[in-house]
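See below for the structure under consideration.
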Protein chains: 2
Amino acid sequence: MYRTHNCGELRIADVNKEVTLSGWAASIRDKGGLLWIDLRDRYGITQLLMDENYTAKEIFDTARSVGREFVLQATGTVVERESKSNKIPTGDIEIKVSSLKILNASKTPPFTIVDETDGGDDLRMKYRYLDLRRNAVQKNLIFRSNLAVETRKYLAGQGFIEVETPNLIKSTPEGARDFVVPSRMNKGQFYALPQSPHTFKQILMVAGFDKYFQIVKCFRDEDLRADRQPEFTQIDCEMSFVHQEDILNTFEGLTKYLFQQALGITLADFPRMTYDEAMRKYGSDKPDLRFGMAFVDLKSPADAEFGSGVDVVPTGFPVFDSAETVVAICAPGCAEYSRKQIDELTEWVKRPQIGAKGLVYVRIEADGTPKSSVDKFYTPDQLKVWAEKCEAKPGDMLFILCGEDEKTRKQLSELRLELGNRLGLRKGDDFKPLWVVDFPLLEWDEEENRFFAMHHPFTSPKPEDIPKMDSDDRATLKSMRADAYDLVLNGVEIGGGSIRIHDRDLQARNFRLLGFTPEEAEAQFGFLLGAFEYGAPPHGGIAFGFDRLNAVMNGANSIRDFIAFPKNNQGRDMMIDAPDTIKLKQLEELGIRIVPQD
Amino acid sequence: MYRTHNCGELRIADVNKEVTLSGWAASIRDKGGLLWIDLRDRYGITQLLMDENYTAKEIFDTARSVGREFVLQATGTVVERESKSNKIPTGDIEIKVSSLKILNASKTPPFTIVDETDGGDDLRMKYRYLDLRRNAVQKNLIFRSNLAVETRKYLAGQGFIEVETPNLIKSTPEGARDFVVPSRMNKGQFYALPQSPHTFKQILMVAGFDKYFQIVKCFRDEDLRADRQPEFTQIDCEMSFVHQEDILNTFEGLTKYLFQQALGITLADFPRMTYDEAMRKYGSDKPDLRFGMAFVDLKSPADAEFGSGVDVVPTGFPVFDSAETVVAICAPGCAEYSRKQIDELTEWVKRPQIGAKGLVYVRIEADGTPKSSVDKFYTPDQLKVWAEKCEAKPGDMLFILCGEDEKTRKQLSELRLELGNRLGLRKGDDFKPLWVVDFPLLEWDEEENRFFAMHHPFTSPKPEDIPKMDSDDRATLKSMRADAYDLVLNGVEIGGGSIRIHDRDLQARNFRLLGFTPEEAEAQFGFLLGAFEYGAPPHGGIAFGFDRLNAVMNGANSIRDFIAFPKNNQGRDMMIDAPDTIKLKQLEELGIRIVPQD
């Protein structure tokens, strides 16, 4: 037996016990007559003590040959420490070693195995087995494992059945790019890895499974960004005989449960916001509600709810005069910003990633006087109207962008988030969930000159909007709303779903709107259209990004530290060095050939 | 709201309640003035009643337009049935319908949605969504979902962490054939889908995860047999600081727990048998212990334990005289077999799949007299010695095969299983687990003229056999045993694993034995050899075939009915019609080309 206890469990009550521990040498301190080794495993650290007064010489010799990360087995007696530590749960005791065995040696690691490591990203990826030995990473993956346990517990308790759907499926051109798998038995044909098990979960509803879920790997061959991985994990769910309200309630319940179980946090009921409102007030379909700074329209396309901007921005400043939209945010306490800080912020919004032409500010001095970069175009009284409209207090600062409506709102959304960061308003341990509902059904693509499904082609229009499907008018079609919803947490979309179409004719009409010929629809989704003819129930669902949920719940920005073996931005696993060339024989068996690249 | 209750929950206590149900029309009986519809969902069946005395005419009209598998929503009052049914839990009540809505129509299904369906395999695969609507299939998948829940519950309770390992990894030529995935970002290179997460779980042990598990999809591009699928699911586990005994105990515990939770069956402690003993007594490394009929050596290569066969088979019958091995099984109660039955059995063992040259029988008559097909070569007294050796009773029959030792045992193993089937001794609800231990480390491959790893290249030799690794003698190498074990249940291998090598030098020696050059070993497993240099703990693990475990626990032979969307023997998903051709643009992006086939 390699151990009687792990390295995290011995306490003062265990004093005098004869124990055997196994683990890694985290640190060694040799004071001549006394030598300590901190023995570490997943469960904690226990201090081993060797004392020349009673420890045999050969044990001392063995201990002196031990380096960092050696694997050791130590037997000895639990004793009370002379100088206790309250930094670790085992800090009251140490082990008087009577036997010490080196189970495996270790070279000196290329970086230190501590929370704040000296290893850079590339080194950490290559030696992922050492990086994963760090407590900081290990606790993320233990969190993830627990979150999966709790997810399954909740959903199983609600009557959901976990069904495994296949990974070798069929490529569909709609959506992102598929990873494909050449078939050896059907040469010239390919499987595709699923971007999501979407059609299968609809099929399971047709099959009467009623409530399905799966924690499942999905695959997208896209160019990678920091928070994207070619393979990622979803909590995928579908329910029959439900309206949107049933789904929102069920998965608000799941989210609350997970926060309670994993973090001990009780979330209040989630607010809801329509897509239109989110875009208008935050320029984003996933607003971060941890802080305010909602948009205030000073001038915008006629909008009854917010009032016309004409009263607020009178003619005067030619840039505003010619802009479709002038929109402001009030940054609390920013009146103190220096000229240099404002210039830097102006450069920030003018970077190509944001694309604003300039940034107008109105500083509200301590006495309420407005000072602005557009002072020469507007009177102080006019500026005060803006400040009132923005509910700005002395000491605040208005930042104003203008231009084409949609673009300006997106730019201001970026600025709002950036100011939130700079002002420390986006706290990792503050959680503000939000349901965004009533997404548009369709999205016009200027390049391809056609509509795309905003969610996906199986999303149901709102029943009252179905008659609009027969319109030829682009604006009418664009105004169609769907029974589609996103769950947003701290500005991150952690879940999204919709009520599906369950009627074959409606599905066919929707495919037509999306530019599918009946033949194309049949070739790609014939099995689903066929299934709809045999008694498809009303149904809908949702999918959570599980990697992202883990990251957001831990106040982290990157999903990489919540994935055991992530790939880098070139889609490469640096530890195993994949992808790699394969043998000619494999290519021959698959009936494919590599095209030489220039 | 589509329903207040499901179709399986209403009871006599609910009488007079106003309820709404949704589900499928399982059957419709129209008696003129009375009309009943059996409404079905996942949870059960509830009878809807329409009576011309009080049901509105338009409801009657709607009900008359309903066909099988229509999706309906019915509102009404729960009433006590006049003629109750004890076949279903809702049999005491029915619903007096006050409102009936057709939610979706259905074409007539191509086969009936009942337990014993009239659909053939191909039709069922194509219309899998209807096949899955059958209770017989649905209960299998619900069983599977529950079994996964219980597996996770047990392992989490034992401190195991579920870690997701990547699906896009690297192709390794050892083992079965990989499915590969061309990389767009690294043209000319490929990922491979994992045949198992094996190396990753070892890496997780090096990373200090201590106890890992995962219920995980694995992939093998092999020619398919009835019980093989290109993608299948494993319960994959690994533990650090363990000896073989720790692993056997932990996973015997899991298996017992699953039987208790899922089937209510308490299994006794599992017997253990060495690989050598299993091969000698049953001609198989996965003997079915639901019945006896162990092999009795009448003549075999010198074997002290079983005694030399010379005493039992004296010279006389030239076929036996020249055979390396003569081995018998005693089939209880088979003395009644007719000439025709014996001839048929003889033909059965002579089929190429079995390959025996012939079959000798010794019938033990009611008075104990032996009658044999080799009567003219042996005296009755000689035959009686055989019968005694086989512990045959009057009414039994000995079946004897002879020839080269290994082949003969395999043939007799097949015959034993066949007789077990014919005699009804292999009951689906009788469970006989067995640990087979002490597998050989190496397996000689005559064709490739080299050793292969019997389990896999990372399996540790038994410590006492390690010195044999330096031998040049093939027999010595062949005699090396490994710390490798299989869990066998009713003749099916449901799990297998080993203690792993954790020492870089030992791993390198093992690779050398398997014919890897140091460069090949480095190229394929360099990351693992590297990891072994940084403090790898002693570790070992096991993987269970989850599909098969489900099938065996349900007394089923095929895993297909426990997989929601299985592929056929050509690796084809007949419902979605995958694999399929992909677009030229996709091939171009991947930098590959299809080689035209003749």
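Convention: chains lettered A, B, ... in structure tokens order; per-chain residue numbering from 1; ligands numbered from 1 as shown.
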Proximity check chain B to chain A, 6 Å, nearest pairs one decimal Å, only C-alpha atoms, as CSV:
residue,atom,partner,partner_atom,distance
B:Tyr2,CA,A:Phe241,CA,5.5
B:Glu69,CA,A:Gly535,CA,5.7
B:Phe70,CA,A:Gly535,CA,5.3
B:Val71,CA,A:Gly535,CA,5.5
B:Asn104,CA,A:Gly535,CA,5.6
B:Ala105,CA,A:Gly535,CA,5.6
B:Ser106,CA,A:Tyr534,CA,4.2
B:Lys107,CA,A:Tyr534,CA,5.4
B:Tyr129,CA,A:Ala207,CA,4.7
B:Leu130,CA,A:Ala207,CA,5.8
B:Leu132,CA,A:Ala207,CA,5.4
B:Arg133,CA,A:Ala207,CA,4.6
B:Ser145,CA,A:Glu162,CA,5.2
B:Ile161,CA,A:Ser145,CA,5.9
B:Glu162,CA,A:Ser145,CA,5.2
B:Ile169,CA,A:Ala578,CA,5.9
B:Lys170,CA,A:Ala578,CA,5.2
B:Val180,CA,A:Val181,CA,5.9
B:Val181,CA,A:Val181,CA,5.0
B:Gly188,CA,A:Ile594,CA,5.9
B:Gln189,CA,A:Thr581,CA,4.5
B:Phe190,CA,A:Pro579,CA,4.9
B:Tyr191,CA,A:Pro579,CA,4.6
B:Ile203,CA,A:Tyr129,CA,5.9
B:Ala207,CA,A:Arg133,CA,4.5
B:Gly208,CA,A:Arg133,CA,5.6
B:Phe241,CA,A:Tyr2,CA,5.5
B:Phe527,CA,A:Ile576,CA,5.9
B:Glu533,CA,A:Ser106,CA,5.4
B:Tyr534,CA,A:Ser106,CA,4.2
B:Gly535,CA,A:Ser106,CA,4.6
B:Ile576,CA,A:Phe527,CA,5.8
B:Ala578,CA,A:Lys170,CA,5.2
B:Pro579,CA,A:Tyr191,CA,4.6
B:Asp580,CA,A:Gln189,CA,4.7
B:Thr581,CA,A:Gln189,CA,4.5
B:Gly591,CA,A:Val595,CA,5.2
B:Ile592,CA,A:Ile594,CA,4.5
B:Arg593,CA,A:Arg593,CA,5.2
B:Ile594,CA,A:Ile592,CA,4.5
B:Val595,CA,A:Ile592,CA,5.2
For this session: May I ask for the distance between atom CA of A:Lys357 and atom CA of A:Arg426, given in Å to one decimal place?
Result: 26.5 Å
